[in-house]
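Undergrad: One structure, pasted below without further comment.
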Amino acid sequence: MIDKKGYINVSGSPIYYELSGNPNGEPLVLLHGGLGSIGDLTPLYKYIAPDYSLISMDFRGHGKSPLNGASLSYEQYQSDVQEVLSHLGIKRYSLFGFSDGGIVGYRLAAQQPESIICLITLGSQWRLETNDPSIELLRGLTAEFWAERFPAEVDFYNASNPKPDLKKLVDAVKPVWLDTTESGYPCDLVESIACPSLIIRGDNDFLFSLNEAAFLKTKISGADFANIPFTEHASHQESPELVGTIVKQFLSQQKA
């Protein structure tokens, strides 16, 4: 019997997961953003938990998952997600990913098309051009800035992670954001995504521009797009009712 929450050892690193929602519903994997945790996506639960079996996990080094073993990358996150789902016996599922979680979602949908029912991403870049204005911001991010900007999240991390070290985590995550090799952003791999897909961004998102989102829509055949007014990067936290309703409606239109 699989516990509703706990740790799964992946390549020497314990990855924390939680199962919630409707145990009889279709599986829906939820992936949080960089320097975040499972808890960041709870504003959406009231809209999806009644109908879907939710599988959440903290990326390596994040939330309750310690930073052990291999260097971080989107490829490593992807591998960890695949290992956790394999352990849980989940072979086919839909996926909602915020920011880094959506980037991992692109990679999974492109490389494991038989597994993904549908894909929803929020604020998730699909490439990093050399002139992208976010590069300077990401490169200059410090643990001190993050702690000042998100004190509650950092307090949770310090209290719940087995080996909390925010500076070490920030230093490990920044190369992930700036990685332009095959272990990083999916880039043109997104053209092979064949499942129903919904791209969401906040209208004032400073990391994922409207132009990049619109171009991505042309790269993923048949993709839908939603631009959330009056919000920035974390639209699901700034306007949970609107984003939650959109996510629920999109999921309800898809069938396994």
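Identifiers in the structure tokens: chain A, B, ... in order shown; residue index from 1 per chain; ligand index from 1 in order shown.
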In region 35-247 of chain A, what's helix (DSSP H, G or I) per DSSP? Answer as a ChimeraX atom specification?
TA: /A:38-48,74-88,100-111,134-139,143-149,151-160,166-177,187-192,210-219,235-238,240-247
Undergrad: Excluding region 155-161 of chain A and its own-chain neighbours fewer than 3 positions away, which residues fall within 8 Å of it when counting only C-alpha atoms? Please give them as an NGL selection string.
TA: :A and (62-66 or 151-152 or 164-166)
Undergrad: A:Ile15, A:Ile199, A:Ile38, A:Val104: which is nearest Thr121 (chain A), counting only C-alpha atoms?
TA: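 Going through A:Ile15, A:Ile199, A:Ile38, A:Val104 one by one, the smallest distance to Thr121 (chain A) is for A:Ile199.
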Undergrad: Would you mind listing, for every residue of region 10-108 of chain A within 8 Å of region 180-188 of chain A, the two atoms forming the shortest contact and the distance between them in Å to one decimal, using only C-alpha atoms, sorted by chain and ascending residue number, as JSON lines?
TA:
```
{"residue": "A:Ser73", "atom": "CA", "partner": "A:Ser183", "partner_atom": "CA", "distance": 6.3}
{"residue": "A:Tyr74", "atom": "CA", "partner": "A:Gly184", "partner_atom": "CA", "distance": 5.3}
{"residue": "A:Glu75", "atom": "CA", "partner": "A:Ser183", "partner_atom": "CA", "distance": 4.9}
{"residue": "A:Gln76", "atom": "CA", "partner": "A:Ser183", "partner_atom": "CA", "distance": 7.8}
{"residue": "A:Ile103", "atom": "CA", "partner": "A:Tyr185", "partner_atom": "CA", "distance": 6.7}
{"residue": "A:Tyr106", "atom": "CA", "partner": "A:Pro186", "partner_atom": "CA", "distance": 6.7}
{"residue": "A:Arg107", "atom": "CA", "partner": "A:Pro186", "partner_atom": "CA", "distance": 5.7}
```
Undergrad: Which of these, A:Gln112, A:Asn211, A:Ser86, A:Thr42, has the shortest distance to Gln125 (chain A) once you count only C-alpha atoms?
TA: A:Asn211
Undergrad: Give me the residues near region 29-31 of chain A as a PyMOL selection string, where near means some atom within 7 Å (using only C-alpha atoms) and where sequence neighbours in that chain fewer than 2 positions away do not count.
TA: chain A and resi 27+33+54-57+93-98+101
Undergrad: Quick one, how far is CA of Lys163 (chain A) from CA of Pro14 (chain A)?
TA: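 Rounded to one decimal, the two atoms are 11.6 Å apart.
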Undergrad: Please list as a list in words every residue within 10 Å of Leu189 (chain A), counting only C-alpha atoms and excluding residues in the same chain fewer than 5 positions away.
TA: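 Non-adjacent residues within range: Tyr106, Arg107, Ala109, Ala110, Gln111, Trp126, Lys219 and Ile220 of chain A.
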Undergrad: Store the residues picked out above, limited to N, CA, C and O atoms, as a PDB file, in the first residue's frame.
TA:
```pdb
ATOM      1  N   TYR A 106       6.994  20.595 -20.213  1.00  0.00           N
ATOM      2  CA  TYR A 106       7.276  20.595 -21.653  1.00  0.00           C
ATOM      3  C   TYR A 106       8.177  19.411 -22.017  1.00  0.00           C
ATOM      4  O   TYR A 106       7.947  18.718 -23.013  1.00  0.00           O
ATOM      5  N   ARG A 107       9.224  19.220 -21.215  1.00  0.00           N
ATOM      6  CA  ARG A 107      10.177  18.144 -21.503  1.00  0.00           C
ATOM      7  C   ARG A 107       9.487  16.781 -21.439  1.00  0.00           C
ATOM      8  O   ARG A 107       9.701  15.924 -22.304  1.00  0.00           O
ATOM      9  N   ALA A 109       6.223  16.100 -21.787  1.00  0.00           N
ATOM     10  CA  ALA A 109       5.239  15.952 -22.862  1.00  0.00           C
ATOM     11  C   ALA A 109       5.904  15.700 -24.199  1.00  0.00           C
ATOM     12  O   ALA A 109       5.356  14.987 -25.054  1.00  0.00           O
ATOM     13  N   ALA A 110       7.079  16.283 -24.406  1.00  0.00           N
ATOM     14  CA  ALA A 110       7.796  16.097 -25.666  1.00  0.00           C
ATOM     15  C   ALA A 110       8.472  14.740 -25.751  1.00  0.00           C
ATOM     16  O   ALA A 110       8.522  14.126 -26.825  1.00  0.00           O
ATOM     17  N   GLN A 111       8.968  14.244 -24.617  1.00  0.00           N
ATOM     18  CA  GLN A 111       9.782  13.033 -24.629  1.00  0.00           C
ATOM     19  C   GLN A 111       9.051  11.793 -24.147  1.00  0.00           C
ATOM     20  O   GLN A 111       9.532  10.678 -24.363  1.00  0.00           O
ATOM     21  N   TRP A 126      10.056  28.479 -22.516  1.00  0.00           N
ATOM     22  CA  TRP A 126      10.393  27.255 -23.241  1.00  0.00           C
ATOM     23  C   TRP A 126      11.792  27.339 -23.858  1.00  0.00           C
ATOM     24  O   TRP A 126      12.327  26.350 -24.350  1.00  0.00           O
ATOM     25  N   LYS A 219       4.190  26.925 -31.873  1.00  0.00           N
ATOM     26  CA  LYS A 219       5.101  25.775 -31.920  1.00  0.00           C
ATOM     27  C   LYS A 219       4.430  24.480 -31.457  1.00  0.00           C
ATOM     28  O   LYS A 219       4.828  23.394 -31.845  1.00  0.00           O
ATOM     29  N   ILE A 220       3.416  24.621 -30.564  1.00  0.00           N
ATOM     30  CA  ILE A 220       2.704  23.444 -30.059  1.00  0.00           C
ATOM     31  C   ILE A 220       1.375  23.354 -30.792  1.00  0.00           C
ATOM     32  O   ILE A 220       0.495  24.198 -30.614  1.00  0.00           O
TER      33      ILE A 220
END
```
Undergrad: Name the residues in contact with Ala226 (chain A) at a cut-off of 12 Å, using only C-alpha atoms, excluding same-chain residues fewer than 2 positions from it; report them as a list in words.
TA: Ile120, Thr121, Leu122, Gly123, Ser197, Leu198, Ile199, Ile200, Arg201, Gly202, Asp203, Leu210, Ala213, Ala214, Lys217, Ala223, Asp224, Ile228, Pro229, Ser235, Leu242, Val243, Thr245, Ile246, Val247 and Phe250 of chain A
Undergrad: Select, from A:Gln254, A:Asn9, A:Gln82, A:Ser37, the residue with the minimum atom-to-atom distance to Val154 (chain A), counting only C-alpha atoms.
TA: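 Result for the nearest residue to Val154 (chain A): A:Ser37.
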